[in-house]
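Heads up, the thing below is written out as structure tokens.
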Amino acid sequence: MKENDSKHRILILGASGFIGHAIYKELCAYFKTFGTYRVPHKTFKNNHHFIQYNVEEDDVYEVLEATKPTIIISALRGDFHAQTIAHQHLTEYVLDRDCKIIFLSSANVFDAYSKYPSYELDKTFSGSVYGHFKIKIENMLLRLPKKKIVIVRLPMVLGSQSPRIKEIKQHLYDKTAIEIFPNIIMNVTTETKVTQQIHYIINRNKFGVFHLGSVDLVHHDEYIKDIVNQITTKNGVLFKHVYTTNEDRYLAVLPKFNKLPKHLQITSQEVLQELNR
Ligand SMILES: NC(=O)c1ccc[n+]([C@@H]2O[C@H](COP(=O)([O-])OP(=O)(O)OC[C@H]3O[C@@H](n4cnc5c(N)ncnc54)[C@H](OP(=O)(O)O)[C@@H]3O)[C@@H](O)[C@H]2O)c1
């Protein structure tokens, strides 16, 4: 389907970011797609589909008025209080219009649970400020008509340009210690798989809560070491073992009710292979 054939106008809040930009690149050939950025950059200034927006200073209504989206994808970071207010305004817009919102949430909405991986309908419960914030926005959205919302809960998203991979490379360069959490069992994904999954969710007009992690689980420490071994063959890499509890803790989002087709699923091994390309 070409852009002009599509009825959708898509607005990505945070389209200059790691995930937001990958989503923009995936969707812009098929839909009239707009995006926001915060830090001035000539790539975005010169693109008429990009608008500068700072959640702490600007009114999101102006962005909505300028772009008139039928789908909003929230891929923002920034001050939590300001984001909460912006999402209140987004929910009002979505309620009044023929519009749907896709919110990028996180496995951290379950970070106070530890004994099991989490599924879509499990009750959210967090012990972190970040997790609490994500739960607050999720709950706000869950009050909207159910067909108007998509909540995608993401585990650690990896890619050659992901903040985490850049951080690991910086530690290797600086010869400083990379933090690993031997007790954490998690799942992972890549930004390319997430963008394909979101594209599918849009095309098929899906709604509800989606858990977009790899189908298998890994130990944080072993997986980070696998990544490091792909980046460097040097010995003597420094690791800092961080123990948050004595027992294993799960930070993993698995699908049970909203499963995507096989070609849109990913394994932790495939994530590693993609990082190696
Ligand atoms: N990456 C992961 O592993 C992961 C895992 C789970 C959930 N998530 C969620 O996915 C979303 C995107 O994450 P990401 O890793 O792609 O983040 P990112 O690379 O840091 O991108 C964040 C985006 O938000 C924009 N932004 C930051 N501060 C802002 C502000 N004050 N006002 C307006 N815009 C602002 C950034 O603009 P500039 O580039 O101009 O600063 C950028 O476009 C977030 O909601 C995050 O919680 C990510």
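All residue names refer to the structure tokens as shown: chains lettered A, B, ... in order, residues numbered from 1 in each chain, ligands numbered from 1 in order.
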
Which neighbours of segment 45-60 of chain A fall inside 7 Å, counting only C-alpha atoms, when residues of the same chain fewer than 2 positions from it are skipped, and could you give them as a list in words?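 Once the adjacent positions are removed, what remains is Thr33, Phe34, Gly35, Thr36, Tyr37, Arg38, His41, Lys42, Thr43, Glu62, Val63, Leu64, Gly78, Asp79, Ala82, Gln83 and Ala86 of chain A.
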
Where does segment 99-136 of chain A meet segment 157-171 of chain A within 12 Å, residue by residue, with the nearest atom pair and distance in Å to one decimal for each, counting only C-alpha atoms, listed by chain and rising number, as JSON lines?
```
{"residue": "A:Leu104", "atom": "CA", "partner": "A:Val157", "partner_atom": "CA", "distance": 11.5}
{"residue": "A:Ser105", "atom": "CA", "partner": "A:Val157", "partner_atom": "CA", "distance": 11.8}
{"residue": "A:Ser106", "atom": "CA", "partner": "A:Val157", "partner_atom": "CA", "distance": 10.0}
{"residue": "A:Ala107", "atom": "CA", "partner": "A:Val157", "partner_atom": "CA", "distance": 10.8}
```

Please determine, counting only C-alpha atoms, which residue among A:Ile151, A:Ile135, A:Ala22, A:Leu27 has the shortest atom-to-atom distance to Ile102 of chain A. A:Ile151

Name the residues of segment 1-203 of chain A that come out as helix (DSSP H, G or I) in a backbone DSSP run; write them as a ChimeraX atom specification. /A:3-5,18-27,42-45,60-67,80-96,107-110,129-142,146-148,163-174,191-203

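Excluding Arg153 of chain A itself and same-chain residues fewer than 4 positions from it, the residues having an atom within 10 Å of it are Phe103, Leu104, Ser105, Ser106, Ala107, Asn108, Val109, Tyr119, Glu120, Lys134, Val209, Phe210, His211, Leu212, Gly213, Ala252, Val253 and Leu254 of chain A, counting only C-alpha atoms.
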
Nearest residue to ligand 1 out of A:Asp226, A:Glu270, A:Glu138, A:Glu247, using only C-alpha atoms and all ligand atoms? A:Glu138

Ile266 of chain A: which residues within 12 Å, counting only C-alpha atoms, same-chain residues fewer than 6 positions away excluded, as a ChimeraX atom specification? /A:157,187-194,196-197,212-217,254,260,272-274

Give me the residues near Ile12 of chain A as a list of chain:residue names, where near means some atom within 9 Å (using only C-alpha atoms) and where sequence neighbours in that chain fewer than 5 positions away do not count.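 Listing them by chain and then by number gives A:Gly20, A:His21, A:Ile23, A:Tyr24, A:Thr33, A:Phe34, A:Gly35, A:Thr36, A:Ile71, A:Ile72, A:Ile73, A:Ser74, A:Ala75, A:Leu76.
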
Output N, CA and C atoms for every residue in the selection just made, as a short mmCIF file (atom, residue, chain, number, x, y, z; two decimals), in the first residue's frame.
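As a result, again.cif now contains:
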```
data_model
loop_
_atom_site.label_atom_id
_atom_site.label_comp_id
_atom_site.auth_asym_id
_atom_site.auth_seq_id
_atom_site.Cartn_x
_atom_site.Cartn_y
_atom_site.Cartn_z
N GLY A 20 11.70 5.52 18.04
CA GLY A 20 10.80 6.38 17.26
C GLY A 20 11.30 6.57 15.84
N HIS A 21 12.59 6.73 15.67
CA HIS A 21 13.12 6.97 14.33
C HIS A 21 13.03 5.71 13.47
N ILE A 23 10.74 3.48 13.76
CA ILE A 23 9.32 3.37 13.39
C ILE A 23 9.02 4.34 12.24
N TYR A 24 9.56 5.56 12.34
CA TYR A 24 9.34 6.54 11.26
C TYR A 24 9.81 5.98 9.92
N THR A 33 3.31 10.29 7.41
CA THR A 33 3.88 10.13 8.75
C THR A 33 4.60 11.40 9.20
N PHE A 34 4.27 11.85 10.41
CA PHE A 34 4.90 13.04 10.99
C PHE A 34 5.63 12.63 12.26
N GLY A 35 6.62 13.44 12.64
CA GLY A 35 7.35 13.09 13.85
C GLY A 35 7.82 14.32 14.60
N THR A 36 8.10 14.13 15.89
CA THR A 36 8.65 15.25 16.66
C THR A 36 10.09 14.95 17.06
N ILE A 71 -3.48 8.18 13.90
CA ILE A 71 -2.76 7.28 14.80
C ILE A 71 -1.63 8.08 15.45
N ILE A 72 -1.56 8.02 16.77
CA ILE A 72 -0.46 8.66 17.49
C ILE A 72 0.40 7.56 18.08
N ILE A 73 1.71 7.64 17.86
CA ILE A 73 2.62 6.68 18.49
C ILE A 73 3.46 7.44 19.50
N SER A 74 3.36 7.05 20.77
CA SER A 74 4.08 7.75 21.82
C SER A 74 5.38 7.01 22.13
N ALA A 75 6.50 7.59 21.67
CA ALA A 75 7.83 6.99 21.87
C ALA A 75 8.75 8.00 22.55
N LEU A 76 8.16 8.72 23.51
CA LEU A 76 8.87 9.84 24.14
C LEU A 76 9.67 9.43 25.36
#
```

Counting only C-alpha atoms, the option among A:Ile101, A:Lys115, A:Asn235, A:Asn203 closest to His89 of chain A: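 Result for the nearest residue to His89 of chain A: A:Ile101.
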
Run DSSP on the backbone and grab whatever in segment 138-255 of chain A lands in strand (DSSP E or B); send it over as a ChimeraX atom specification. /A:149-154,156-158,178-180,184-186,188-190,208-211,218-219,239-241,249-251,253
